[in-house]
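Enquirer: File follows, run-v6.txt with compact mmCIF, C-alpha atoms and all ligand atoms:
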```txt
# COMPACT_ATOMS: atom_id res chain seq x y z
CA MET O 9 -55.13 -110.01 95.86
CA PRO O 10 -55.89 -113.34 97.67
CA ARG O 11 -57.85 -113.13 100.93
CA PHE O 12 -56.77 -115.12 103.96
CA GLY O 13 -58.88 -115.94 107.00
CA VAL O 14 -61.52 -118.17 108.55
CA PRO O 15 -63.61 -119.51 105.63
CA GLU O 16 -66.85 -117.56 105.36
CA GLU O 17 -69.99 -119.63 105.72
CA SER O 18 -70.79 -119.45 101.99
CA LEU O 19 -67.30 -120.78 101.14
CA ARG O 20 -67.25 -123.66 103.62
CA PRO O 21 -68.59 -126.40 101.30
CA ALA O 22 -65.96 -125.47 98.66
CA TRP O 23 -63.24 -125.29 101.34
CA ALA O 24 -64.19 -128.75 102.66
CA GLY O 25 -64.46 -130.16 99.11
CA LEU O 26 -61.00 -128.86 98.20
CA LEU O 27 -59.35 -130.44 101.26
CA ALA O 28 -61.32 -133.65 100.77
CA GLU O 29 -59.94 -133.96 97.23
CA ALA O 30 -56.40 -133.17 98.39
CA PHE O 31 -56.44 -135.84 101.13
CA GLY O 32 -58.64 -138.57 99.68
CA LEU O 33 -61.45 -137.92 102.18
CA SER O 34 -65.10 -137.06 101.64
CA GLY O 35 -66.41 -133.49 101.91
CA ALA O 36 -68.57 -134.69 104.82
CA ASP O 37 -65.44 -136.02 106.61
CA VAL O 38 -63.67 -132.65 106.34
CA ALA O 39 -66.81 -130.72 107.30
CA GLY O 40 -67.18 -133.05 110.31
CA ILE O 41 -63.57 -132.43 111.38
CA ALA O 42 -64.06 -128.65 111.01
CA ALA O 43 -67.31 -128.73 112.98
CA LYS O 44 -65.70 -130.68 115.84
CA LEU O 45 -62.61 -128.51 115.86
CA GLY O 46 -64.47 -125.24 115.30
CA TYR O 47 -64.21 -123.11 112.17
CA ASP O 48 -62.03 -120.64 114.09
CA HIS O 49 -59.29 -123.27 113.62
CA CYS O 50 -59.78 -123.37 109.84
CA ARG O 51 -58.19 -121.04 107.30
CA ALA O 52 -58.85 -120.42 103.62
CA LEU O 53 -57.04 -118.52 100.92
CA SER O 54 -59.51 -117.27 98.34
CA VAL O 55 -59.51 -115.14 95.20
CA ASP O 56 -62.79 -113.50 94.11
CA ASP O 57 -64.79 -115.90 96.29
CA GLN O 58 -63.05 -118.95 94.85
CA VAL O 59 -61.24 -121.02 97.50
CA MET O 60 -57.71 -121.80 96.34
CA ALA O 61 -56.21 -123.34 99.48
CA GLY O 62 -56.96 -124.27 103.07
CA LEU O 63 -55.54 -125.67 106.31
CA LEU O 64 -56.24 -126.38 109.98
CA VAL O 65 -54.42 -124.74 112.86
CA LEU O 66 -54.29 -126.08 116.41
CA PRO O 67 -53.07 -123.76 119.17
CA ILE O 68 -51.15 -126.27 121.31
CA ARG O 69 -48.16 -125.34 123.44
CA LEU O 70 -44.94 -127.24 122.72
CA SER O 71 -42.52 -128.46 125.38
CA VAL O 72 -39.01 -127.07 124.83
CA GLY O 73 -36.25 -126.98 127.44
CA GLY O 74 -38.65 -127.54 130.35
CA ALA O 75 -41.16 -124.82 129.39
CA LEU O 76 -44.26 -124.71 127.18
CA VAL O 77 -44.01 -122.47 124.12
CA PRO O 78 -47.22 -121.16 122.45
CA ASN O 79 -47.36 -122.92 119.11
CA ALA O 80 -49.53 -123.06 115.99
CA ALA O 81 -49.62 -126.73 114.91
CA ILE O 82 -50.65 -126.98 111.26
CA GLY O 83 -52.48 -129.79 109.52
CA LEU O 84 -54.40 -130.59 106.35
CA VAL O 85 -52.65 -128.05 104.10
CA GLY O 86 -54.21 -128.39 100.65
CA VAL O 87 -54.50 -126.51 97.38
CA ALA O 88 -57.22 -127.00 94.75
CA ILE O 89 -56.05 -129.62 92.26
CA ASP O 90 -56.45 -127.25 89.30
CA GLN O 91 -54.58 -124.41 91.04
CA ARG O 92 -51.32 -126.07 92.03
CA ARG O 93 -47.77 -124.79 91.42
CA ARG O 94 -48.98 -121.20 91.27
CA GLY O 95 -47.68 -120.28 94.71
CA TYR O 96 -50.98 -120.54 96.64
CA ALA O 97 -49.60 -122.89 99.32
CA SER O 98 -46.63 -120.56 99.81
CA GLN O 99 -48.94 -117.55 100.16
CA LEU O 100 -51.19 -119.46 102.56
CA MET O 101 -48.22 -120.39 104.78
CA ALA O 102 -46.80 -116.84 104.75
CA ALA O 103 -50.20 -115.41 105.80
CA LEU O 104 -50.65 -118.09 108.46
CA LEU O 105 -47.19 -117.43 109.94
CA ALA O 106 -47.75 -113.66 110.12
CA GLU O 107 -51.12 -114.26 111.79
CA SER O 108 -49.59 -116.77 114.24
CA ARG O 109 -46.96 -114.27 115.28
CA ASP O 110 -49.64 -111.59 115.81
CA ASN O 111 -51.60 -114.10 117.93
CA GLY O 112 -48.63 -114.72 120.23
CA GLN O 113 -47.78 -118.14 118.80
CA TYR O 114 -44.01 -117.92 118.88
CA VAL O 115 -43.45 -121.09 116.87
CA SER O 116 -45.33 -123.25 114.40
CA THR O 117 -44.95 -127.00 113.88
CA LEU O 118 -46.09 -129.46 111.22
CA TYR O 119 -45.54 -132.78 109.52
CA ALA O 120 -44.48 -132.05 105.96
CA SER O 121 -45.42 -134.12 102.95
CA ASN O 122 -43.23 -131.77 100.98
CA GLN O 123 -40.17 -130.22 102.59
CA PRO O 124 -39.23 -127.70 99.87
CA LEU O 125 -42.57 -125.94 100.35
CA TYR O 126 -42.14 -125.58 104.10
CA ARG O 127 -38.41 -124.88 103.98
CA ALA O 128 -39.17 -121.95 101.70
CA ALA O 129 -41.52 -120.72 104.46
CA GLY O 130 -38.74 -121.01 107.08
CA TYR O 131 -39.56 -124.38 108.67
CA GLU O 132 -36.82 -126.91 109.37
CA GLN O 133 -36.62 -130.37 110.96
CA ALA O 134 -36.75 -129.97 114.74
CA GLY O 135 -37.89 -133.27 116.25
CA SER O 136 -38.89 -136.85 115.48
CA ALA O 137 -41.84 -139.19 115.54
CA PHE O 138 -41.43 -142.97 115.49
CA ARG O 139 -43.74 -145.96 115.35
CA ALA O 140 -42.77 -149.32 116.82
CA SER O 141 -44.05 -152.82 116.65
CA VAL O 142 -43.27 -155.42 119.33
CA SER O 143 -44.29 -159.06 119.13
CA VAL O 144 -46.50 -160.08 122.04
CA PRO O 145 -44.16 -162.82 123.38
CA ALA O 146 -41.29 -160.28 123.49
CA ILE O 147 -43.22 -158.21 126.04
CA GLY O 148 -42.58 -160.86 128.68
CA LEU O 149 -44.99 -161.25 131.57
CA GLY O 150 -44.60 -157.73 132.94
CA ASN O 151 -45.87 -157.11 136.42
CA HIS O 152 -49.39 -157.76 137.76
CA GLU O 153 -49.05 -155.96 141.08
CA LEU O 154 -51.39 -153.20 139.94
CA ARG O 155 -54.61 -153.96 138.07
CA ALA O 156 -55.93 -152.02 135.11
CA ARG O 157 -59.52 -150.85 135.24
CA ARG O 158 -61.80 -149.42 132.58
CA LEU O 159 -61.69 -145.65 132.32
CA ASN O 160 -64.91 -143.73 132.76
CA ALA O 161 -66.07 -140.20 131.89
CA GLU O 162 -64.90 -138.81 135.27
CA ASP O 163 -61.35 -139.96 134.52
CA GLU O 164 -61.16 -137.90 131.34
CA PRO O 165 -60.49 -134.46 132.89
CA VAL O 166 -58.05 -136.08 135.34
CA ILE O 167 -56.13 -137.66 132.45
CA GLU O 168 -56.08 -134.40 130.52
CA ALA O 169 -54.75 -132.51 133.54
CA ILE O 170 -52.02 -135.12 134.17
CA HIS O 171 -51.04 -135.02 130.51
CA ALA O 172 -50.92 -131.21 130.42
CA ALA O 173 -48.84 -131.06 133.60
CA SER O 174 -46.40 -133.74 132.45
CA ALA O 175 -45.98 -132.57 128.82
CA VAL O 176 -43.29 -130.17 129.98
CA GLU O 177 -41.07 -133.11 131.04
CA THR O 178 -40.63 -134.41 127.51
CA PRO O 179 -39.17 -132.10 124.85
CA GLY O 180 -41.43 -132.20 121.80
CA PHE O 181 -44.63 -133.09 123.67
CA PHE O 182 -47.73 -130.91 123.34
CA GLU O 183 -50.42 -129.75 125.65
CA ARG O 184 -53.20 -131.49 123.69
CA HIS O 185 -56.24 -129.79 122.19
CA PRO O 186 -59.66 -131.35 123.07
CA TYR O 187 -59.94 -132.39 119.43
CA GLN O 188 -56.83 -134.56 119.78
CA TRP O 189 -58.30 -136.28 122.84
CA GLU O 190 -61.48 -136.90 120.88
CA ARG O 191 -59.48 -138.54 118.07
CA ILE O 192 -57.68 -140.79 120.59
CA ARG O 193 -60.84 -141.83 122.47
CA ARG O 194 -63.17 -142.05 119.51
CA PRO O 195 -61.13 -142.69 116.34
CA ARG O 196 -62.82 -141.44 113.18
CA VAL O 197 -62.25 -144.72 111.34
CA GLY O 198 -61.66 -148.33 112.29
CA PRO O 199 -62.43 -150.26 115.47
CA PRO O 200 -63.33 -148.39 118.68
CA ALA O 201 -60.76 -147.61 121.37
CA LEU O 202 -60.79 -149.12 124.84
CA GLY O 203 -59.57 -146.91 127.70
CA LEU O 204 -57.80 -148.56 130.65
CA GLY O 205 -56.29 -146.88 133.69
CA ILE O 206 -53.89 -147.93 136.43
CA GLU O 207 -53.86 -146.53 139.95
CA GLU O 208 -50.97 -146.50 142.35
CA GLY O 209 -51.28 -145.11 145.87
CA GLY O 210 -55.02 -144.49 145.30
CA ARG O 211 -54.45 -142.15 142.34
CA LEU O 212 -54.64 -142.64 138.61
CA ARG O 213 -51.03 -142.80 137.43
CA GLY O 214 -51.21 -144.27 133.98
CA TRP O 215 -53.49 -145.10 131.08
CA LEU O 216 -53.78 -146.86 127.78
CA TYR O 217 -56.10 -146.20 124.87
CA VAL O 218 -55.88 -149.30 122.75
CA ARG O 219 -57.83 -151.11 120.05
CA HIS O 220 -57.77 -154.53 118.44
CA VAL O 221 -57.33 -154.20 114.69
CA PRO O 222 -58.10 -157.48 112.87
CA LEU O 223 -55.59 -158.85 110.36
CA GLY O 224 -57.37 -160.18 107.30
CA ASN O 225 -60.54 -162.21 107.96
CA GLY O 226 -59.47 -164.15 111.05
CA PRO O 227 -59.73 -163.09 114.67
CA MET O 228 -55.95 -162.60 115.02
CA GLY O 229 -54.99 -158.97 114.97
CA THR O 230 -52.76 -156.16 116.10
CA LEU O 231 -53.12 -154.20 119.31
CA GLU O 232 -52.85 -150.56 118.32
CA VAL O 233 -51.98 -148.24 121.20
CA LEU O 234 -53.55 -144.84 120.52
CA ASP O 235 -52.11 -143.25 123.64
CA VAL O 236 -50.17 -144.37 126.67
CA TYR O 237 -48.84 -142.69 129.77
CA ALA O 238 -47.05 -144.09 132.82
CA GLN O 239 -46.02 -141.87 135.70
CA THR O 240 -43.79 -144.53 137.28
CA ARG O 241 -41.78 -147.55 136.17
CA LEU O 242 -44.14 -149.89 138.06
CA VAL O 243 -47.13 -148.44 136.21
CA ALA O 244 -45.33 -148.88 132.87
CA LEU O 245 -44.59 -152.56 133.66
CA ASN O 246 -48.24 -153.11 134.60
CA LEU O 247 -49.45 -151.44 131.41
CA TRP O 248 -47.24 -153.83 129.42
CA ALA O 249 -48.67 -156.76 131.42
CA THR O 250 -52.17 -155.52 130.52
CA LEU O 251 -51.21 -155.47 126.85
CA ALA O 252 -49.70 -158.96 127.08
CA ASP O 253 -52.92 -160.23 128.73
CA MET O 254 -54.95 -158.70 125.90
CA GLY O 255 -52.50 -160.10 123.38
CA THR O 256 -53.54 -163.74 123.15
CA MET O 257 -55.40 -162.84 119.95
CA ALA O 258 -52.75 -160.46 118.65
CA ARG O 259 -49.38 -161.01 117.08
CA THR O 260 -47.99 -157.55 117.74
CA VAL O 261 -48.51 -154.34 119.69
CA VAL O 262 -47.90 -151.15 117.72
CA PHE O 263 -47.33 -147.80 119.40
CA ASN O 264 -45.98 -144.30 118.75
CA THR O 265 -42.70 -143.93 120.56
CA ALA O 266 -39.03 -142.94 120.30
CA PRO O 267 -35.67 -144.51 121.12
CA ASN O 268 -35.64 -142.45 124.36
CA ASP O 269 -39.28 -143.17 125.35
CA PRO O 270 -39.28 -144.62 128.91
CA PHE O 271 -42.33 -146.72 127.98
CA TYR O 272 -40.24 -148.48 125.32
CA GLN O 273 -37.10 -148.58 127.46
CA VAL O 274 -38.83 -150.46 130.30
CA LEU O 275 -39.29 -153.54 128.08
CA PRO O 276 -36.99 -156.43 129.05
CA HIS O 277 -35.68 -156.86 125.50
CA PRO O 278 -34.68 -154.06 123.14
CA PHE O 279 -36.12 -155.98 120.15
CA VAL O 280 -38.81 -153.83 118.66
CA GLU O 281 -39.09 -152.77 115.06
CA MET O 282 -38.95 -149.01 115.29
CA THR O 283 -39.39 -146.96 112.16
CA LEU O 284 -39.09 -143.24 111.68
CA PHE O 285 -42.55 -141.88 110.90
CA GLU O 286 -41.12 -138.44 110.11
CA ASN O 287 -38.93 -135.69 111.44
CA TRP O 288 -41.45 -132.94 112.17
CA MET O 289 -40.65 -129.35 111.28
CA LEU O 290 -40.72 -126.12 113.26
CA ARG O 291 -40.74 -122.43 112.30
CA VAL O 292 -39.79 -119.66 114.72
CA THR O 293 -42.35 -116.91 114.07
CA ASP O 294 -41.04 -114.50 116.70
CA ILE O 295 -37.48 -114.24 118.01
CA ARG O 296 -38.95 -113.94 121.52
CA ALA O 297 -39.55 -117.69 121.28
CA LEU O 298 -36.06 -117.79 122.83
CA GLU O 299 -37.61 -116.18 125.93
CA GLN O 300 -40.46 -118.69 125.99
CA ARG O 301 -38.41 -121.90 126.00
CA GLY O 302 -36.58 -123.05 129.13
CA TYR O 303 -32.84 -123.59 129.70
CA PRO O 304 -30.89 -125.60 132.29
CA SER O 305 -31.04 -123.66 135.56
CA THR O 306 -27.23 -123.53 135.79
CA ALA O 307 -26.69 -122.40 132.17
CA ARG O 308 -25.45 -118.85 131.58
CA GLY O 309 -24.55 -117.10 128.37
CA VAL O 310 -24.77 -114.05 126.15
CA ILE O 311 -25.20 -114.73 122.43
CA ASP O 312 -25.30 -112.18 119.64
CA LEU O 313 -27.50 -113.45 116.84
CA ASP O 314 -27.76 -112.28 113.26
CA VAL O 315 -30.87 -113.95 111.83
CA GLU O 316 -31.68 -114.13 108.14
CA ASP O 317 -35.41 -114.56 107.60
CA PRO O 318 -36.81 -114.29 104.06
CA LEU O 319 -40.29 -113.58 105.50
CA ARG O 320 -38.77 -110.91 107.82
CA LEU O 321 -40.56 -112.28 110.91
CA CYS O 322 -37.34 -112.77 112.89
CA HIS O 323 -34.90 -110.92 110.67
CA GLY O 324 -32.17 -108.85 112.33
CA ARG O 325 -29.63 -108.69 115.14
CA TYR O 326 -30.49 -109.66 118.67
CA ARG O 327 -28.71 -110.31 121.95
CA LEU O 328 -29.91 -113.37 123.88
CA THR O 329 -28.99 -113.43 127.59
CA VAL O 330 -29.61 -116.70 129.44
CA GLU O 331 -29.52 -117.00 133.22
CA GLY O 332 -31.46 -118.90 135.90
CA GLY O 333 -33.27 -121.09 133.35
CA ARG O 334 -34.75 -118.17 131.39
CA GLY O 335 -33.71 -116.21 128.30
CA ARG O 336 -34.06 -112.53 127.48
CA VAL O 337 -33.90 -111.11 123.94
CA GLN O 338 -33.03 -107.51 123.11
CA PRO O 339 -32.35 -105.92 119.73
CA GLY O 340 -28.72 -105.28 118.80
CA GLY O 341 -25.43 -107.08 119.44
CA ASN O 342 -22.54 -107.77 117.10
CA GLY O 343 -24.12 -110.72 115.23
CA ASP O 344 -21.35 -113.30 115.93
CA CYS O 345 -23.80 -116.19 115.57
CA ARG O 346 -25.14 -116.03 112.01
CA LEU O 347 -28.22 -118.15 111.41
CA HIS O 348 -30.83 -118.69 108.76
CA VAL O 349 -34.22 -118.87 110.46
CA ARG O 350 -34.28 -122.58 109.51
CA GLY O 351 -31.01 -123.17 111.35
CA LEU O 352 -32.51 -121.38 114.34
CA ALA O 353 -35.50 -123.79 114.21
CA SER O 354 -33.31 -126.91 114.41
CA LEU O 355 -31.21 -125.47 117.25
CA PHE O 356 -34.22 -124.11 119.14
CA THR O 357 -35.52 -127.55 120.14
CA GLY O 358 -32.06 -129.06 120.62
CA PHE O 359 -32.59 -131.28 117.56
CA ALA O 360 -29.41 -130.24 115.73
CA SER O 361 -25.83 -129.45 116.75
CA ALA O 362 -23.98 -126.34 115.61
CA ARG O 363 -21.97 -128.53 113.22
CA GLN O 364 -25.12 -130.00 111.66
CA VAL O 365 -26.50 -126.51 111.10
CA GLU O 366 -23.22 -125.45 109.53
CA LEU O 367 -23.14 -128.54 107.27
CA ALA O 368 -26.68 -127.74 106.10
CA GLY O 369 -25.50 -124.25 105.17
CA LEU O 370 -27.88 -122.71 107.71
CA GLY O 371 -25.49 -120.88 110.00
CA GLU O 372 -22.08 -120.34 111.53
CA GLY O 373 -20.77 -119.69 115.00
CA ALA O 374 -23.74 -121.34 116.75
CA GLU O 375 -21.72 -123.48 119.21
CA SER O 376 -22.73 -121.51 122.33
CA LEU O 377 -26.41 -121.35 121.33
CA ALA O 378 -26.42 -125.09 120.59
CA GLU O 379 -24.93 -125.75 124.03
CA LEU O 380 -27.66 -123.72 125.76
CA CYS O 381 -30.43 -125.42 123.76
CA ALA O 382 -29.06 -129.00 123.96
CA GLY O 383 -31.24 -131.71 125.47
CA PRO O 384 -32.65 -135.17 124.78
CA LEU O 385 -34.05 -135.92 121.32
CA PRO O 386 -37.36 -134.02 120.98
CA TRP O 387 -40.16 -136.39 119.98
CA THR O 388 -43.92 -136.78 120.16
CA ARG O 389 -46.59 -139.49 120.14
CA ASP O 390 -49.03 -137.09 118.47
CA ARG O 391 -49.95 -136.89 114.81
CA TYR O 392 -52.01 -133.95 113.56
C1 LIG O 401 -48.42 -129.75 98.54
C2 LIG O 401 -49.38 -128.67 98.04
C3 LIG O 401 -50.07 -128.06 99.25
C4 LIG O 401 -48.54 -127.61 97.29
O1 LIG O 401 -49.40 -126.55 96.88
P1 LIG O 401 -48.98 -125.53 95.70
O2 LIG O 401 -49.86 -124.34 95.78
O3 LIG O 401 -48.92 -126.28 94.43
O4 LIG O 401 -47.51 -125.14 96.17
P2 LIG O 401 -46.69 -123.85 95.70
O5 LIG O 401 -47.07 -123.49 94.29
O6 LIG O 401 -46.80 -122.77 96.71
O7 LIG O 401 -45.22 -124.47 95.69
C5 LIG O 401 -44.15 -123.96 96.46
C6 LIG O 401 -42.99 -124.92 96.36
O8 LIG O 401 -43.32 -126.16 97.00
C7 LIG O 401 -42.69 -127.24 96.28
N1 LIG O 401 -43.74 -128.11 95.71
C8 LIG O 401 -45.05 -127.84 95.56
N2 LIG O 401 -45.69 -128.92 95.04
C9 LIG O 401 -44.76 -129.88 94.88
C10 LIG O 401 -44.81 -131.21 94.38
N3 LIG O 401 -45.97 -131.78 93.99
N4 LIG O 401 -43.66 -131.92 94.36
C11 LIG O 401 -42.50 -131.38 94.77
N5 LIG O 401 -42.39 -130.10 95.22
C12 LIG O 401 -43.51 -129.37 95.30
C13 LIG O 401 -41.86 -126.63 95.20
O9 LIG O 401 -40.58 -126.37 95.73
C14 LIG O 401 -42.60 -125.33 94.95
O10 LIG O 401 -41.79 -124.35 94.41
P3 LIG O 401 -41.66 -124.28 92.78
O11 LIG O 401 -43.04 -124.32 92.22
O12 LIG O 401 -40.95 -122.98 92.58
O13 LIG O 401 -40.86 -125.47 92.38
C15 LIG O 401 -50.41 -129.27 97.06
O14 LIG O 401 -49.73 -130.01 96.07
C16 LIG O 401 -51.43 -130.18 97.70
O15 LIG O 401 -52.49 -129.72 98.12
N6 LIG O 401 -51.14 -131.51 97.78
C17 LIG O 401 -52.03 -132.50 98.37
C18 LIG O 401 -52.07 -132.38 99.89
C19 LIG O 401 -50.70 -132.30 100.53
O16 LIG O 401 -49.77 -133.04 100.21
N7 LIG O 401 -50.58 -131.37 101.47
C20 LIG O 401 -49.39 -131.12 102.24
C21 LIG O 401 -49.57 -131.78 103.56
S1 LIG O 401 -48.28 -131.34 104.67
```
Please re-express this file's structure in structure tokens.
Expert:
Amino acid sequence: MPRFGVPEESLRPAWAGLLAEAFGLSGADVAGIAAKLGYDHCRALSVDDQVMAGLLVLPIRLSVGGALVPNAAIGLVGVAIDQRRRGYASQLMAALLAESRDNGQYVSTLYASNQPLYRAAGYEQAGSAFRASVSVPAIGLGNHELRARRLNAEDEPVIEAIHAASAVETPGFFERHPYQWERIRRPRVGPPALGLGIEEGGRLRGWLYVRHVPLGNGPMGTLEVLDVYAQTRLVALNLWATLADMGTMARTVVFNTAPNDPFYQVLPHPFVEMTLFENWMLRVTDIRALEQRGYPSTARGVIDLDVEDPLRLCHGRYRLTVEGGRGRVQPGGNGDCRLHVRGLASLFTGFASARQVELAGLGEGAESLAELCAGPLPWTRDRY
């Protein structure tokens, strides 16, 4: 019987070695990530003291419908090269999901390299992540009314607090873990990041973490934005002006964004090359996730759900009552809205319509639920 849990100290080198092989890293890289993150965020599946599989789990709340939902974000899922296609990844995910539910993480999110694996575990596409490239001349001159200054150590907690408070405004955003801030400010590989902030009205209202990545051997390069935030339109215009001023030795600025990202939309021209990085996936681990997300304050409804969940985490009939921006879930009801747990995942974030869920064969009668959950395209700048 495989054992699941935090890798014991004696198994940590094998755990790190396994993930290093799976992701083309070194064992020292993975051990370094685990040490920074803390081994309490690492999981192993082992049989007779042999590590078969591992992953990382970040407890970061996810913005859905104007509320933050406790979430287990999963990364670095890997199985030993000589143990693949024996069901270890599936067992690892099932154990992780049961644990997440017991820990009060109502949903789980991930980027999938392999959708069949995660679909079998009940995940489905629930939001997007894009990357865009804009040529420096297309930025225009922006606005120089506000001046960027270098960020210092005292700014860091202020930035984290602003980010945490504003995450709720954008469906799909996370309340970041300190490890994610560390990766933004001090990237593990490549050139260092420069942090710049912009104040308006005497308060920090926007920032940029950016680095100059050389192209080939010459000094010309790309400006890679590792994170950006603008609380107002004026701040966004001044951040673009800062990038344009830095851009005399760069051909393009690349940044993580979305078609509905205000930071992209403020540009004078719509001409950026935006590519889909991936549609990220979500799994509802506990039906009470529907009580954790927010709803429009004027929305009202009673929906009887009949959820099919192969892992039995959300299986059964429930009545969802929505009023005053909040939902309440009770057992029972007549099951008018029939959903596979994967269909529930896509509707939960407002990513899919009832028709899309029906076309995917993941449910029927979900029109009212889709209406309650509808909102702008959920997206994130974060990769994990
Ligand atoms: C992806 C990975 C974790 C799968 O581990 P595994 O233990 O072999 O997976 P399982 O045996 O549990 O497979 C479950 C299902 O996933 C799918 N799957 C697994 N590996 C697959 C592959 N290489 N190609 C396509 N589908 C695959 C299949 O549907 C499989 O079911 P089946 O065997 O009945 O066809 C493993 O190949 C790995 O470590 N890869 C390198 C790192 C990686 O890509 N991690 C995922 C990051 S999100």
Enquirer: Closest to O:Gly209 among O:Val243, O:Arg308, O:Asp235, O:Val65, using all atoms listed in the file?
Expert: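 Under the stated criterion, the closest residue is O:Val243.
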Enquirer: As a quick test: using all atoms listed in the file, which residues lie no more than 9 Å away from ligand LIG 401 (chain O)? Give them as a short mmCIF file (atom, residue, chain, number, x, y, z; two decimals) with C-alpha atoms, in the coordinates of the input.
Expert:
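Written output follows (pocket_39.cif):
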```
data_model
loop_
_atom_site.label_atom_id
_atom_site.label_comp_id
_atom_site.auth_asym_id
_atom_site.auth_seq_id
_atom_site.Cartn_x
_atom_site.Cartn_y
_atom_site.Cartn_z
CA LEU O 26 -61.00 -128.86 98.20
CA LEU O 27 -59.35 -130.44 101.26
CA GLU O 29 -59.94 -133.96 97.23
CA ALA O 30 -56.40 -133.17 98.39
CA PHE O 31 -56.44 -135.84 101.13
CA MET O 60 -57.71 -121.80 96.34
CA ALA O 61 -56.21 -123.34 99.48
CA GLY O 62 -56.96 -124.27 103.07
CA LEU O 63 -55.54 -125.67 106.31
CA ILE O 82 -50.65 -126.98 111.26
CA GLY O 83 -52.48 -129.79 109.52
CA LEU O 84 -54.40 -130.59 106.35
CA VAL O 85 -52.65 -128.05 104.10
CA GLY O 86 -54.21 -128.39 100.65
CA VAL O 87 -54.50 -126.51 97.38
CA ALA O 88 -57.22 -127.00 94.75
CA ILE O 89 -56.05 -129.62 92.26
CA GLN O 91 -54.58 -124.41 91.04
CA ARG O 92 -51.32 -126.07 92.03
CA ARG O 93 -47.77 -124.79 91.42
CA ARG O 94 -48.98 -121.20 91.27
CA GLY O 95 -47.68 -120.28 94.71
CA TYR O 96 -50.98 -120.54 96.64
CA ALA O 97 -49.60 -122.89 99.32
CA SER O 98 -46.63 -120.56 99.81
CA GLN O 99 -48.94 -117.55 100.16
CA LEU O 100 -51.19 -119.46 102.56
CA MET O 101 -48.22 -120.39 104.78
CA LEU O 118 -46.09 -129.46 111.22
CA TYR O 119 -45.54 -132.78 109.52
CA ALA O 120 -44.48 -132.05 105.96
CA SER O 121 -45.42 -134.12 102.95
CA ASN O 122 -43.23 -131.77 100.98
CA GLN O 123 -40.17 -130.22 102.59
CA PRO O 124 -39.23 -127.70 99.87
CA LEU O 125 -42.57 -125.94 100.35
CA TYR O 126 -42.14 -125.58 104.10
CA ARG O 127 -38.41 -124.88 103.98
CA ALA O 128 -39.17 -121.95 101.70
#
```
Enquirer: Work out how far atom CA of O:Val218 is from atom CA of O:Arg259, in Å to one decimal.
Expert: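 If I compute the distance from atom CA of O:Arg259 to atom CA of O:Val218, I get 14.5 Å.
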Enquirer: For O:Asp163, which of O:Leu328, O:Leu204, O:Ala252, O:Ala140 is the closest residue, counting all atoms listed in the file?
Expert: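 Result for the nearest residue to O:Asp163: O:Leu204.
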Enquirer: If you measure from atom CA of O:Arg296 to atom CA of O:Leu66, what distance in Å do you get, rounded to one decimal?
Expert: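 According to the coordinates, atom CA of O:Arg296 and atom CA of O:Leu66 are separated by 20.2 Å.
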Enquirer: Counting all atoms listed in the file, which residue out of O:Ile147, O:Val72, O:Leu245, O:Val14 sits closest to O:Trp387?
Expert: O:Val72
